[in-house]
Every structure is written in structure tokens, then in C-alpha cells.
$ cat entry29.txt   # compact mmCIF, C-alpha atoms and all ligand atoms
# COMPACT_ATOMS: atom_id res chain seq x y z
CA MET Q 1 4.41 29.34 -1.48
CA THR Q 2 3.73 25.70 -2.18
CA GLN Q 3 5.29 23.38 0.34
CA ALA Q 4 6.43 19.88 -0.42
CA LYS Q 5 8.85 17.34 0.92
CA LEU Q 6 12.07 16.75 -0.96
CA ASN Q 7 14.49 13.94 -0.78
CA PRO Q 8 18.10 14.02 -1.93
CA GLY Q 9 18.67 11.69 -4.86
CA GLU Q 10 21.53 9.88 -3.14
CA SER Q 11 19.18 8.19 -0.73
CA VAL Q 12 17.23 6.69 -3.64
CA GLY Q 13 17.21 2.93 -3.42
CA ALA Q 14 18.61 2.98 0.09
CA LEU Q 15 18.09 -0.76 -0.06
CA ALA Q 16 19.83 -1.28 -3.39
CA GLU Q 17 23.56 -1.36 -2.63
CA HIS Q 18 23.38 -2.94 0.75
CA ASN Q 19 22.35 -6.40 1.92
CA PRO Q 20 19.04 -5.68 3.64
CA PHE Q 21 18.54 -9.21 5.02
CA GLU Q 22 19.65 -10.55 8.40
CA PHE Q 23 19.09 -14.28 8.91
CA GLY Q 24 18.54 -15.49 12.47
CA GLU Q 25 17.21 -18.56 14.20
CA ALA Q 26 13.81 -19.10 12.55
CA THR Q 27 13.68 -15.40 11.59
CA LEU Q 28 14.50 -13.15 8.67
CA THR Q 29 14.82 -9.43 9.36
CA VAL Q 30 14.69 -6.70 6.71
CA VAL Q 31 16.88 -3.72 7.58
CA PRO Q 32 17.24 -0.71 5.27
CA GLU Q 33 20.68 0.80 4.76
CA ALA Q 34 19.65 4.07 6.35
CA GLY Q 35 18.33 2.25 9.42
CA GLY Q 36 15.32 3.69 11.17
CA TRP Q 37 13.04 0.67 10.88
CA ARG Q 38 13.20 -3.12 10.71
CA ALA Q 39 10.69 -5.82 9.78
CA VAL Q 40 10.89 -9.32 11.24
CA HIS Q 41 9.52 -12.42 9.45
CA ARG Q 42 9.28 -15.63 11.47
CA ASP Q 43 9.01 -19.27 10.46
CA GLN Q 44 5.94 -19.49 12.66
CA PRO Q 45 3.53 -17.76 12.46
CA CYS Q 46 4.56 -17.29 8.85
CA GLY Q 47 3.55 -15.54 5.68
CA ALA Q 48 3.79 -11.85 6.67
CA PRO Q 49 5.92 -9.66 8.97
CA ALA Q 50 5.49 -10.71 12.60
CA GLU Q 51 6.81 -7.35 13.78
CA ILE Q 52 7.79 -3.94 12.43
CA ARG Q 53 9.89 -1.65 14.58
CA LEU Q 54 10.42 2.07 14.06
CA GLY Q 55 13.34 3.33 16.13
CA ASP Q 56 12.98 1.63 19.51
CA GLN Q 57 9.21 1.14 19.27
CA THR Q 58 7.20 -1.79 17.98
CA ILE Q 59 4.52 -0.28 15.76
CA VAL Q 60 2.99 -3.33 14.03
CA GLU Q 61 2.65 -6.91 15.28
CA ASN Q 62 1.30 -10.17 13.97
CA CYS Q 63 0.31 -9.51 10.35
CA HIS Q 64 -1.62 -12.68 9.64
CA PHE Q 65 -4.15 -14.59 7.58
CA TYR Q 66 -6.70 -17.14 8.69
CA LEU Q 67 -9.50 -19.43 7.63
CA ASP Q 68 -12.00 -19.79 10.45
CA GLY Q 69 -10.06 -21.43 13.34
CA LEU Q 70 -6.86 -22.00 11.34
CA GLY Q 71 -4.38 -19.14 11.37
CA SER Q 72 -0.85 -18.26 10.30
CA GLY Q 73 0.35 -20.08 13.45
CA GLN Q 74 -0.90 -23.43 12.12
CA ALA Q 75 0.38 -22.87 8.57
CA LEU Q 76 3.48 -24.70 7.45
CA LEU Q 77 6.14 -22.52 5.80
CA GLN Q 78 7.59 -24.55 2.93
CA LYS Q 79 9.71 -22.01 1.10
CA ARG Q 80 11.19 -18.58 1.74
CA ARG Q 81 13.21 -16.56 -0.68
CA ALA Q 82 14.74 -13.15 0.01
CA HIS Q 83 16.11 -11.03 -2.81
CA ARG Q 84 16.46 -7.51 -4.09
CA ARG Q 85 14.54 -6.24 -7.07
CA ALA Q 86 14.53 -2.74 -8.51
CA GLY Q 87 15.70 -1.12 -5.28
CA ALA Q 88 13.24 -3.04 -3.11
CA ALA Q 89 13.88 -5.85 -0.61
CA VAL Q 90 11.52 -8.70 -1.41
CA VAL Q 91 10.58 -11.61 0.87
CA GLU Q 92 8.60 -14.40 -0.80
CA GLU Q 93 7.03 -17.06 1.39
CA SER Q 94 4.79 -19.98 0.56
CA GLY Q 95 3.28 -22.93 2.35
CA LEU Q 96 0.02 -24.57 3.27
CA PHE Q 97 -2.29 -25.59 6.07
CA PRO Q 98 -1.16 -29.21 6.54
CA PHE Q 99 -4.68 -30.39 7.30
CA GLY Q 100 -7.70 -31.57 5.32
CA ARG Q 101 -7.64 -30.23 1.78
CA GLU Q 102 -4.31 -28.43 2.31
CA LEU Q 103 -5.14 -24.84 1.45
CA GLY Q 104 -1.98 -23.31 -0.04
CA PHE Q 105 -0.77 -19.71 0.31
CA ARG Q 106 1.95 -17.47 -1.04
CA GLN Q 107 2.90 -13.97 0.05
CA SER Q 108 5.32 -11.53 -1.51
CA SER Q 109 6.38 -8.71 0.85
CA ARG Q 110 8.08 -5.91 -1.02
CA TYR Q 111 9.88 -3.30 1.15
CA ALA Q 112 11.08 0.06 -0.13
CA PHE Q 113 11.43 3.52 1.40
CA ASN Q 114 9.17 3.39 4.49
CA HIS Q 115 6.53 1.05 3.12
CA LEU Q 116 5.63 -2.59 2.55
CA ARG Q 117 3.52 -3.72 -0.40
CA ALA Q 118 2.13 -7.21 0.07
CA THR Q 119 0.66 -9.55 -2.53
CA PHE Q 120 -1.11 -12.54 -1.03
CA ASP Q 121 -2.37 -15.56 -2.97
CA PHE Q 122 -4.54 -18.46 -1.86
CA GLU Q 123 -4.52 -21.66 -3.92
CA TRP Q 124 -8.07 -22.68 -3.16
CA PRO Q 125 -8.67 -26.46 -3.20
CA ALA Q 126 -11.95 -27.90 -4.49
CA GLY Q 127 -14.64 -28.32 -1.88
CA GLN Q 128 -13.00 -26.18 0.82
CA PRO Q 129 -15.69 -24.07 2.52
CA VAL Q 130 -15.38 -20.88 4.53
CA GLU Q 131 -17.58 -21.44 7.56
CA ARG Q 132 -17.48 -17.86 8.86
CA HIS Q 133 -14.28 -15.85 8.40
CA LEU Q 134 -11.44 -15.54 5.92
CA GLY Q 135 -8.81 -12.97 6.94
CA VAL Q 136 -5.91 -11.50 4.94
CA GLY Q 137 -3.52 -8.79 6.17
CA SER Q 138 -5.11 -8.54 9.61
CA LEU Q 139 -2.71 -7.16 12.23
CA PHE Q 140 -2.24 -5.59 15.65
CA LEU Q 141 -1.08 -2.05 16.42
CA PRO Q 142 0.40 -2.17 19.94
CA GLY Q 143 0.28 0.82 22.30
CA GLN Q 144 -1.85 3.92 22.64
CA TRP Q 145 -3.19 5.68 19.56
CA GLN Q 146 -4.80 9.13 19.54
CA SER Q 147 -6.59 9.31 16.21
CA TYR Q 148 -6.85 7.85 12.74
CA PHE Q 149 -7.24 9.42 9.34
CA CYS Q 150 -9.70 7.53 7.13
CA LEU Q 151 -9.59 7.53 3.36
CA PRO Q 152 -12.96 5.81 2.93
CA PRO Q 153 -13.88 2.91 0.62
CA ALA Q 154 -14.04 3.99 -3.03
CA ARG Q 155 -17.80 3.50 -3.22
CA HIS Q 156 -18.28 5.83 -0.25
CA LEU Q 157 -16.06 8.47 -1.87
CA ALA Q 158 -18.11 8.18 -5.05
CA GLU Q 159 -21.23 8.79 -3.01
CA GLY Q 160 -19.80 11.94 -1.43
CA ALA Q 161 -18.02 10.73 1.73
CA ALA Q 162 -14.94 12.79 2.55
CA PRO Q 163 -11.61 11.74 4.06
CA ALA Q 164 -11.69 12.54 7.78
CA ARG Q 165 -9.67 12.38 10.97
CA VAL Q 166 -11.35 10.45 13.76
CA SER Q 167 -10.44 10.65 17.47
CA ILE Q 168 -9.81 7.34 19.22
CA PRO Q 169 -11.55 7.13 22.61
CA ALA Q 170 -9.97 5.84 25.81
CA PRO Q 171 -9.68 2.05 25.56
CA PRO Q 172 -11.81 -0.31 27.65
CA THR Q 173 -10.09 -1.78 30.69
CA SER Q 174 -10.95 -5.28 29.49
CA GLY Q 175 -12.24 -6.83 26.29
CA GLU Q 176 -12.59 -4.97 22.99
CA THR Q 177 -14.65 -2.05 21.68
CA MET Q 178 -15.37 -1.72 17.97
CA ILE Q 179 -14.41 1.80 16.82
CA GLY Q 180 -14.75 1.36 13.06
CA HIS Q 181 -16.55 -1.03 10.70
CA TRP Q 182 -16.88 -1.15 6.90
CA HIS Q 183 -18.13 -3.80 4.48
CA ARG Q 184 -15.82 -2.57 1.72
CA PRO Q 185 -12.10 -2.00 2.27
CA PRO Q 186 -11.14 1.56 3.26
CA LEU Q 187 -8.46 2.81 0.85
CA ALA Q 188 -6.22 3.74 3.78
CA LEU Q 189 -6.35 4.22 7.54
CA VAL Q 190 -3.50 6.21 9.15
CA PHE Q 191 -3.15 5.75 12.91
CA ARG Q 192 -1.31 8.36 14.94
CA ARG Q 193 0.32 8.23 18.37
CA ALA Q 194 0.88 11.27 20.62
CA ASP Q 195 4.60 11.31 19.70
CA GLY Q 196 3.84 11.73 15.99
CA THR Q 197 4.39 8.07 15.06
CA ARG Q 198 2.08 7.07 12.21
CA VAL Q 199 1.13 3.73 10.69
CA GLU Q 200 -0.80 3.53 7.43
CA VAL Q 201 -2.81 0.36 6.77
CA GLY Q 202 -4.07 0.37 3.21
CA SER Q 203 -5.65 -1.61 0.42
CA GLY Q 204 -3.74 -2.49 -2.71
CA SER Q 205 -4.82 -1.34 -6.16
CA ASP Q 206 -7.09 -4.38 -6.59
CA LEU Q 207 -10.18 -3.15 -4.75
CA TRP Q 208 -12.35 -5.23 -7.04
CA ARG Q 209 -10.79 -8.47 -5.78
CA TRP Q 210 -11.47 -7.61 -2.14
CA GLN Q 211 -15.02 -6.69 -3.05
CA GLN Q 212 -15.73 -9.84 -5.00
CA SER Q 213 -15.30 -11.77 -1.72
CA LEU Q 214 -14.17 -14.96 -3.53
CA GLY Q 215 -17.43 -14.95 -5.45
CA ALA Q 216 -19.77 -14.55 -2.46
CA GLY Q 217 -21.12 -11.25 -3.77
CA PRO Q 218 -21.04 -7.59 -2.80
CA GLU Q 219 -20.84 -6.40 0.80
CA SER Q 220 -19.59 -9.83 1.96
CA GLY Q 221 -16.37 -8.43 3.44
CA SER Q 222 -15.74 -7.07 6.92
CA TYR Q 223 -13.14 -4.49 7.91
CA LYS Q 224 -13.09 -3.62 11.60
CA LEU Q 225 -11.07 -1.73 14.19
CA MET Q 226 -11.19 -3.30 17.64
CA LEU Q 227 -9.82 -1.12 20.46
CA ARG Q 228 -8.21 -2.91 23.42
CA ALA Q 229 -6.30 -1.73 26.48
CA ASP Q 230 -3.00 -2.71 24.83
CA GLY Q 231 -3.64 -1.52 21.26
CA ILE Q 232 -5.87 -1.82 18.20
CA ARG Q 233 -6.72 -5.00 16.35
CA VAL Q 234 -7.17 -4.30 12.63
CA VAL Q 235 -9.42 -6.94 11.05
CA ARG Q 236 -9.44 -7.40 7.28
CA GLU Q 237 -11.76 -10.11 6.03
CA PRO Q 238 -12.50 -10.20 2.31
CA LEU Q 239 -15.13 -12.80 3.24
CA MET Q 240 -17.29 -12.94 6.35
CA THR Q 241 -20.31 -15.15 5.94
CA CYS Q 242 -23.23 -16.22 8.14
CA ALA Q 243 -23.64 -19.53 6.28
CA PRO Q 244 -20.82 -21.74 4.95
CA PHE Q 245 -19.69 -20.65 1.47
CA THR Q 246 -17.46 -22.72 -0.82
CA PRO Q 247 -15.38 -20.61 -3.23
CA ALA Q 248 -14.57 -22.02 -6.66
CA ALA Q 249 -11.26 -23.92 -6.77
CA GLN Q 250 -8.78 -21.40 -8.20
CA ALA Q 251 -6.14 -18.87 -7.17
CA TYR Q 252 -7.31 -15.76 -5.27
CA ARG Q 253 -5.09 -12.72 -4.94
CA PHE Q 254 -5.27 -9.79 -2.52
CA LYS Q 255 -2.90 -6.81 -2.31
CA TRP Q 256 -2.41 -4.53 0.68
CA HIS Q 257 0.18 -2.15 2.02
CA LEU Q 258 1.65 -0.66 5.19
CA ALA Q 259 3.69 2.50 5.68
CA TRP Q 260 5.15 4.19 8.75
CA ASP Q 261 6.94 7.32 9.83
CA GLN Q 262 7.35 9.80 12.61
CA ASP Q 263 6.53 13.49 12.12
CA GLY Q 264 6.31 13.16 8.35
CA GLY Q 265 9.78 14.50 7.49
CA ARG Q 266 11.20 17.89 6.62
CA GLN Q 267 9.25 20.45 4.62
CA LEU Q 268 11.01 22.44 1.93
CA PRO Q 269 9.65 24.89 -0.61
CA THR Q 270 9.15 23.69 -4.18
CA GLU Q 271 8.82 27.20 -5.59
CA GLY Q 272 11.56 29.79 -5.91
CA GLY Q 273 15.30 29.26 -6.23
CA ARG Q 274 16.96 26.64 -4.08
CA ASP Q 275 20.63 25.75 -4.19
CA GLY Q 276 20.76 27.15 -7.74
CA ARG Q 277 19.07 23.98 -8.96
CA GLU Q 278 17.44 24.01 -12.37
CA ARG Q 279 13.71 23.37 -12.10
CA HIS Q 280 11.57 21.03 -14.15
CA GLU Q 281 7.95 19.99 -13.86
CA LEU Q 282 5.99 16.87 -14.56
CA SER Q 283 2.32 17.67 -14.94
CA LEU Q 284 -0.38 15.38 -16.27
CA ALA Q 285 -3.20 17.82 -15.71
CA SER Q 286 -3.04 19.71 -18.97
CA GLY Q 287 -5.17 17.40 -21.07
CA GLU Q 288 -2.18 15.87 -22.89
CA LEU Q 289 -3.31 12.32 -22.19
CA PRO Q 290 -6.14 10.53 -23.97
CA ALA Q 291 -9.40 10.77 -22.03
CA ALA Q 292 -9.37 6.99 -21.59
CA ALA Q 293 -6.26 7.29 -19.37
CA ARG Q 294 -8.08 9.51 -16.89
CA ARG Q 295 -9.88 8.37 -13.78
CA ARG Q 296 -13.45 7.32 -14.22
CA GLN Q 297 -15.16 7.93 -10.90
CA ALA Q 298 -18.85 7.69 -11.64
CA SER Q 299 -20.46 4.50 -12.81
CA GLY Q 300 -21.54 4.57 -16.45
CA THR Q 301 -19.54 7.71 -17.30
CA ASP Q 302 -18.79 8.25 -20.96
CA PRO Q 303 -14.99 8.29 -21.43
CA ALA Q 304 -15.36 11.40 -23.58
CA VAL Q 305 -16.58 13.46 -20.63
CA ARG Q 306 -13.78 12.53 -18.29
CA GLU Q 307 -11.55 15.44 -19.28
CA PRO Q 308 -11.46 17.26 -15.91
CA ALA Q 309 -10.45 14.11 -14.03
CA ALA Q 310 -6.84 13.45 -13.09
CA ALA Q 311 -4.78 10.77 -14.81
CA CYS Q 312 -5.07 7.23 -13.46
CA TRP Q 313 -1.48 6.11 -12.78
CA LEU Q 314 -2.46 2.49 -13.43
CA ALA Q 315 -3.41 3.25 -17.04
CA ALA Q 316 -0.81 2.08 -19.57
CA ALA Q 317 -1.07 5.41 -21.45
CA THR Q 318 -0.29 7.36 -18.26
CA GLN Q 319 2.71 5.17 -17.46
CA ARG Q 320 4.04 5.42 -21.00
CA GLU Q 321 3.78 9.21 -20.95
CA ILE Q 322 5.46 9.55 -17.53
CA LYS Q 323 8.29 7.25 -18.60
CA ARG Q 324 8.75 9.06 -21.92
CA ARG Q 325 9.06 12.43 -20.20
CA VAL Q 326 11.32 11.19 -17.42
CA ARG Q 327 13.68 9.51 -19.90
CA GLN Q 328 13.96 12.84 -21.75
CA LEU Q 329 14.85 14.59 -18.49
CA ALA Q 330 17.33 11.87 -17.53
CA ALA Q 331 19.15 12.49 -20.83
CA LEU Q 332 19.88 16.13 -19.95
CA PRO Q 333 23.51 17.04 -19.18
CA PRO Q 334 24.42 16.40 -15.54
CA ALA Q 335 23.54 19.33 -13.26
CA PRO Q 336 21.78 19.78 -9.94
CA ARG Q 337 18.10 19.76 -10.81
CA ILE Q 338 14.68 19.49 -9.18
CA LEU Q 339 11.70 17.71 -10.70
CA THR Q 340 8.35 18.74 -9.25
CA ILE Q 341 5.45 16.38 -9.88
CA ARG Q 342 2.16 18.26 -10.08
CA ASP Q 343 -1.25 16.91 -9.07
CA PHE Q 344 0.33 14.09 -7.14
CA SER Q 345 -2.65 12.58 -5.35
CA PRO Q 346 -3.96 9.01 -5.61
CA GLY Q 347 -7.58 8.38 -6.44
CA PHE Q 348 -10.00 5.59 -7.20
CA CYS Q 349 -11.13 4.67 -10.68
CA LEU Q 350 -13.60 2.28 -12.29
CA ASP Q 351 -12.15 1.87 -15.79
CA GLY Q 352 -11.37 -1.83 -16.22
CA SER Q 353 -9.27 -1.16 -19.33
CA HIS Q 354 -6.59 0.39 -17.07
CA LEU Q 355 -5.92 -3.03 -15.59
CA GLN Q 356 -5.80 -5.08 -18.72
CA ARG Q 357 -5.67 -4.00 -22.32
CA GLY Q 358 -8.95 -4.63 -24.08
CA ARG Q 359 -10.79 -5.26 -20.84
CA ARG Q 360 -14.26 -3.75 -20.89
CA GLY Q 361 -16.52 -2.74 -18.07
CA GLU Q 362 -15.93 -1.46 -14.57
CA LEU Q 363 -13.39 -2.81 -12.09
CA GLU Q 364 -12.80 -0.71 -9.01
CA HIS Q 365 -9.15 0.14 -8.32
CA TRP Q 366 -6.99 2.95 -6.97
CA ASP Q 367 -3.57 4.01 -8.11
CA LEU Q 368 -1.42 4.48 -4.99
CA ASP Q 369 0.56 1.28 -5.78
CA ALA Q 370 1.41 2.58 -9.22
CA MET Q 371 2.48 5.96 -7.81
CA LEU Q 372 4.84 4.33 -5.30
CA GLU Q 373 6.34 2.17 -8.00
CA LEU Q 374 6.66 4.86 -10.65
CA VAL Q 375 8.23 7.44 -8.34
CA ALA Q 376 10.80 4.83 -7.23
CA TRP Q 377 11.52 4.10 -10.92
CA MET Q 378 11.70 7.82 -11.69
CA ARG Q 379 14.26 8.46 -8.99
CA ARG Q 380 16.46 5.58 -10.13
CA GLN Q 381 16.31 6.88 -13.71
CA LEU Q 382 17.17 10.44 -12.75
CA GLY Q 383 19.97 9.54 -10.35
CA SER Q 384 21.65 11.48 -7.60
CA GLU Q 385 21.87 14.85 -9.38
CA TRP Q 386 18.14 15.19 -9.12
CA GLN Q 387 15.80 15.93 -6.28
CA VAL Q 388 12.20 14.94 -6.77
CA ALA Q 389 9.30 16.74 -5.08
CA ALA Q 390 5.54 16.64 -5.30
CA ALA Q 391 3.21 19.61 -5.13
CA ASP Q 392 -0.47 20.46 -5.31
CA ASP Q 393 -1.33 17.16 -3.74
CA ARG Q 394 -4.14 16.71 -1.27
CA LEU Q 395 -3.11 13.50 0.45
CA GLN Q 396 0.67 13.61 0.63
CA ASP Q 397 0.71 15.04 4.14
CA GLU Q 398 -1.83 12.50 5.35
CA LEU Q 399 -0.27 9.32 3.94
CA PRO Q 400 3.17 8.24 5.21
CA SER Q 401 3.56 6.12 2.05
CA LEU Q 402 3.54 9.26 -0.12
CA ALA Q 403 5.44 11.45 2.33
CA GLY Q 404 8.22 8.84 2.49
CA LEU Q 405 8.93 9.08 -1.25
CA PHE Q 406 10.15 12.65 -0.88
CA ARG Q 407 11.42 12.82 2.66
CA ILE Q 408 14.70 14.40 3.75
CA ASP Q 409 16.10 12.66 6.82
ZN ZN Q 501 -7.93 3.59 -13.58
$ encode --input "entry29.txt" --output "C-alpha cells"
Amino acid sequence: MTQAKLNPGESVGALAEHNPFEFGEATLTVVPEAGGWRAVHRDQPCGAPAEIRLGDQTIVENCHFYLDGLGSGQALLQKRRAHRRAGAAVVEESGLFPFGRELGFRQSSRYAFNHLRATFDFEWPAGQPVERHLGVGSLFLPGQWQSYFCLPPARHLAEGAAPARVSIPAPPTSGETMIGHWHRPPLALVFRRADGTRVEVGSGSDLWRWQQSLGAGPESGSYKLMLRADGIRVVREPLMTCAPFTPAAQAYRFKWHLAWDQDGGRQLPTEGGRDGRERHELSLASGELPAAARRRQASGTDPAVREPAAACWLAAATQREIKRRVRQLAALPPAPRILTIRDFSPGFCLDGSHLQRGRRGELEHWDLDAMLELVAWMRRQLGSEWQVAAADDRLQDELPSLAGLFRID
């Protein structure tokens, strides 16, 4: 019997009907209606959550950005806006480094379910060099961690690397030990504590932006895990350079995400009768989409020979088809129903036309962001009569972001 996690429809948009924002002295805290976790934004350091708590534990600290010696702590927060959009709680923050050429930044932190999707922008001034390091979405995981699951960089997957679980050794008594290092961003790293607490630190869909390293060229990024006695420092640097490099004056965007849970949630069968609910399926594996909407995973592949690949959820044709089918289901007479999504597993893709209509050539991306967004949309469309489940996936059990979409609490 296929197992999957289900979530009752009534907990859809747990953030939607409730004010998820608590304003304090120089802080803004995001609190979902169902409780369980909270995320604290501070005026200083600014520009990303300073702390995420799950139950009574702090699981993430000090999400930050930096340019060489200047970090989030020196940045000046000029504007913060908190609002709800499509069932998510959104915190938008912007400011600048009030020194020299005044490098500007903007971050949008979008919270839903048990995840955060961040979009970070630099407004790069003319003539501003990076001497050594530019960090975005670096953070600290406090406490003791047993292992991490690695979904490797897309290029490594294309070359045959497999996702793997890695044991974390005993920490050094002083200083730091490097326990992981990549020059391209891993798609996701999921850290696990002995009590089942998990934190997923992942890249956004825009892998190509991270890999362009603000124009410095391939392999100019640095992604490291530094183990310390009190936790793990996760370093994400889209640019690490040995000689000063001056990016072109323009806007640079980077997306990343976090997700968290404990013990993954309850497992329920997706096959067989359950509560007398009528069953429906959403499958994109049957060749009903144009080949151009499928994932292209090998460089130079002819679109016509992509038939066996799964659909890329970032492709406009895929999104149109999913929305068309879900709207049909939503129009059915009210009754307790279950929708099972088949082949629900994110993957990387090189087809640049999925990102922008008419765009040619290869741009590396992966479609987890689109899956999180579309499932949230799907559940709002279907409403509380429906339960939504996913089956036949390979990564749902490994990634808290996916598990959280279908969880029963
Ligand atoms: Zn694609």
C-alpha cells in the first residue's frame, strides 16, 4: 500500500484568517494560527529572521547577509512591511549599508505551512568591489545535530551523484571543523537532531543566479558547513573571490528557503477506502503535456526526446494544466473527497523557456518553489471538503517542506 501524508483541508491557510504578526520593541514575530513555531525579525541585525523557534527549541539563528567585513548588524533597516498574501505571512524589509557607496538590499520573507521562502535583492552601486566574500542566507543551527540529508547541486545530480544521508561527527571542543563544502549550491540540506527535529536549508528555484556569481563566472561560489561545539554554521556565498571583483551596477536577486518539523507528521494510506471519501487523482506522468514542459536534465538534449522525464512545475504549460484540472475538480458538488497527486517529487531542469516565455538556451533551475506555491493554491481552491495527498514521490519523506504540505497535526 502506498503511504503518504494527508492534511485536513480546514488547516489550509492556517495563516489566512488570523493576524500572524506580533509587534514588539524593535522586533516583529510571525506566529501561525496553529502555533508550533515562531519566527522573530529584529531591527538589528535586519533583513532576515534572527531566530526561528519550534516548540520550546531554537532551531535557526542569525540568518544574515554580508559583504566582506560588513554584515546585517551594520545594515540600516529603512522600511519594514508585514502583510498577508494568498494564505502566506509576508515580511518585506529594505535598507542599506550607510557607508561608502551605500549598497542597498531588500528581502521578502514569505511564511506558509512550516516553511519560509526568501527573496533577497542587492541594488549594486557602481564601482563597489567584493574583496573576498559576499554572503546571502547564511545562518546558524544551534545545538547538537546527528546527520544531514544532502540533495546535491544540480550539476552533480546530472553527473550521477545521488542524494545521501551523512553522519555528523562529534564537534571539536574549540574552533570549527568543515564538514561539507560545495562550489555550487546544494538543492537542499536537511539537518536532523536526535529528537527528530529537522531543519531544511535549501536553494530557491533560481540556481542559475547563484551560479553566475554576480558575473564572476562558474564555480565562484562557496557553500560550507562549519561544525562547532555549539552548533553548525551554514555558509552560503554566491561569490567568494581571491582577488577583488567589481560586479556590474544592477540589481542581483537570490532566492532560498527554510523548512522545519519534528518527526515528519502522521502517515496515512492513500490507497483503499478512507472515511468514505471519493478519490481523485492528479497525474502529470501520462504524456499529456507537451514535451517542452518536461524537465530537461542533460545539456543539449533535444526537447523531442524528453518524453520519459517528469513535468517541470515551473513551466507555464504545466501550471496551466494543473490549474485547469484543479478548477474542474473544485467545481464538483460538495462532498468529502481526496485528491492524490502522483509523481510529486521536485527535480532540476535546464530549459530556460520555463522561466520566461521565448527564452532560449539553458538556465539551471529546480521546481520545489513552484510545487510549494501550487499545492497551497490547490488547497485554497478545493477548500475544506477536500484532503490532498501526494504519492509515488521520492523526496517527500526527506524534505520537511514537502512533508509539511500534507501533514496531519
Ligand atoms: Zn524547467
$ atom_distance --input "entry29.txt" --atom1 "atom CA of Val234 of chain Q" --atom2 "atom CA of Cys150 of chain Q"
13.3 Å
$ closest_residue --input "entry29.txt" --among "Q:Leu350, Q:Ala34, Q:Leu395, Q:Leu239" --to "Asn114 of chain Q" --atoms "only C-alpha atoms"
Q:Ala34
$ residues_around --input "entry29.txt" --residues "Gly160 of chain Q" --least-positions-apart "6" --cutoff "12 Å" --atoms "all atoms listed in the file" --output "list in words"
Pro152, Pro153, Ala154, Gln297 and Ala298 of chain Q
$ closest_residue --input "entry29.txt" --among "Q:Ser174, Q:Gln78, Q:Gln356, Q:Gln128" --to "ligand ZN 501 (chain Q)" --atoms "all atoms listed in the file"
Q:Gln356
$ residues_near_ligand --input "entry29.txt" --ligand "ligand ZN 501 (chain Q)" --cutoff "6 Å" --atoms "all atoms listed in the file" --output "ChimeraX atom specification"
/Q:295,312,314-315,349-351,354
$ closest_residue --input "entry29.txt" --among "Q:His64, Q:Arg165, Q:His257, Q:Arg80" --to "Leu116 of chain Q" --atoms "all atoms listed in the file"
Q:His257
$ closest_residue --input "entry29.txt" --among "Q:Trp386, Q:Tyr66, Q:Ser220, Q:Ala48" --to "Thr29 of chain Q" --atoms "only C-alpha atoms"
Q:Ala48
$ closest_residue --input "entry29.txt" --among "Q:Arg233, Q:Ser147, Q:Ala170, Q:Ala391" --to "Glu281 of chain Q" --atoms "all atoms listed in the file"
Q:Ala391
$ residues_near_point --input "entry29.txt" --point "(-10.0, 8.5, -6.5)" --cutoff "10 Å" --atoms "only C-alpha atoms" --output "mmCIF file with C-alpha atoms, keeping the file's coordinate frame"
data_model
loop_
_atom_site.group_PDB
_atom_site.id
_atom_site.type_symbol
_atom_site.label_atom_id
_atom_site.label_comp_id
_atom_site.auth_asym_id
_atom_site.auth_seq_id
_atom_site.Cartn_x
_atom_site.Cartn_y
_atom_site.Cartn_z
ATOM 1 C CA LEU Q 151 -9.590 7.530 3.360
ATOM 2 C CA PRO Q 153 -13.880 2.910 0.620
ATOM 3 C CA ALA Q 154 -14.040 3.990 -3.030
ATOM 4 C CA ARG Q 155 -17.800 3.500 -3.220
ATOM 5 C CA LEU Q 157 -16.060 8.470 -1.870
ATOM 6 C CA ALA Q 158 -18.110 8.180 -5.050
ATOM 7 C CA LEU Q 187 -8.460 2.810 0.850
ATOM 8 C CA ARG Q 295 -9.880 8.370 -13.780
ATOM 9 C CA ARG Q 296 -13.450 7.320 -14.220
ATOM 10 C CA GLN Q 297 -15.160 7.930 -10.900
ATOM 11 C CA ALA Q 309 -10.450 14.110 -14.030
ATOM 12 C CA ALA Q 310 -6.840 13.450 -13.090
ATOM 13 C CA CYS Q 312 -5.070 7.230 -13.460
ATOM 14 C CA SER Q 345 -2.650 12.580 -5.350
ATOM 15 C CA PRO Q 346 -3.960 9.010 -5.610
ATOM 16 C CA GLY Q 347 -7.580 8.380 -6.440
ATOM 17 C CA PHE Q 348 -10.000 5.590 -7.200
ATOM 18 C CA CYS Q 349 -11.130 4.670 -10.680
ATOM 19 C CA LEU Q 350 -13.600 2.280 -12.290
ATOM 20 C CA GLU Q 364 -12.800 -0.710 -9.010
ATOM 21 C CA HIS Q 365 -9.150 0.140 -8.320
ATOM 22 C CA TRP Q 366 -6.990 2.950 -6.970
ATOM 23 C CA ASP Q 367 -3.570 4.010 -8.110
ATOM 24 C CA LEU Q 368 -1.420 4.480 -4.990
#
$ atom_distance --input "entry29.txt" --atom1 "atom CA of Ser205 of chain Q" --atom2 "atom CA of Cys63 of chain Q"
19.1 Å
$ build_atoms --input "entry29.txt" --residues "segment 353-362 of chain Q" --atoms "N, CA, C and O atoms" --output "CSV table (one decimal), keeping the file's coordinate frame"
chain,number,residue,atom,x,y,z
Q,353,SER,N,-10.3,-1.1,-18.3
Q,353,SER,CA,-9.3,-1.2,-19.3
Q,353,SER,C,-7.9,-0.7,-18.8
Q,353,SER,O,-6.9,-1.0,-19.4
Q,354,HIS,N,-7.9,0.0,-17.6
Q,354,HIS,CA,-6.6,0.4,-17.1
Q,354,HIS,C,-5.8,-0.8,-16.5
Q,354,HIS,O,-4.6,-0.7,-16.2
Q,355,LEU,N,-6.5,-1.9,-16.2
Q,355,LEU,CA,-5.9,-3.0,-15.6
Q,355,LEU,C,-5.5,-4.1,-16.6
Q,355,LEU,O,-4.5,-4.8,-16.4
Q,356,GLN,N,-6.1,-4.1,-17.7
Q,356,GLN,CA,-5.8,-5.1,-18.7
Q,356,GLN,C,-6.2,-4.5,-20.1
Q,356,GLN,O,-7.4,-4.1,-20.2
Q,357,ARG,N,-5.3,-4.5,-21.0
Q,357,ARG,CA,-5.7,-4.0,-22.3
Q,357,ARG,C,-6.9,-4.8,-22.9
Q,357,ARG,O,-6.9,-6.0,-22.9
Q,358,GLY,N,-7.8,-4.0,-23.4
Q,358,GLY,CA,-9.0,-4.6,-24.1
Q,358,GLY,C,-10.1,-5.0,-23.1
Q,358,GLY,O,-11.1,-5.5,-23.5
Q,359,ARG,N,-9.8,-4.9,-21.8
Q,359,ARG,CA,-10.8,-5.3,-20.8
Q,359,ARG,C,-11.9,-4.2,-20.8
Q,359,ARG,O,-11.7,-3.0,-20.8
Q,360,ARG,N,-13.1,-4.7,-20.9
Q,360,ARG,CA,-14.3,-3.8,-20.9
Q,360,ARG,C,-14.9,-3.8,-19.5
Q,360,ARG,O,-14.7,-4.6,-18.7
Q,361,GLY,N,-15.7,-2.7,-19.3
Q,361,GLY,CA,-16.5,-2.7,-18.1
Q,361,GLY,C,-15.8,-2.1,-16.9
Q,361,GLY,O,-14.7,-1.6,-17.0
Q,362,GLU,N,-16.4,-2.2,-15.7
Q,362,GLU,CA,-15.9,-1.5,-14.6
Q,362,GLU,C,-15.3,-2.4,-13.6
Q,362,GLU,O,-15.8,-3.5,-13.3
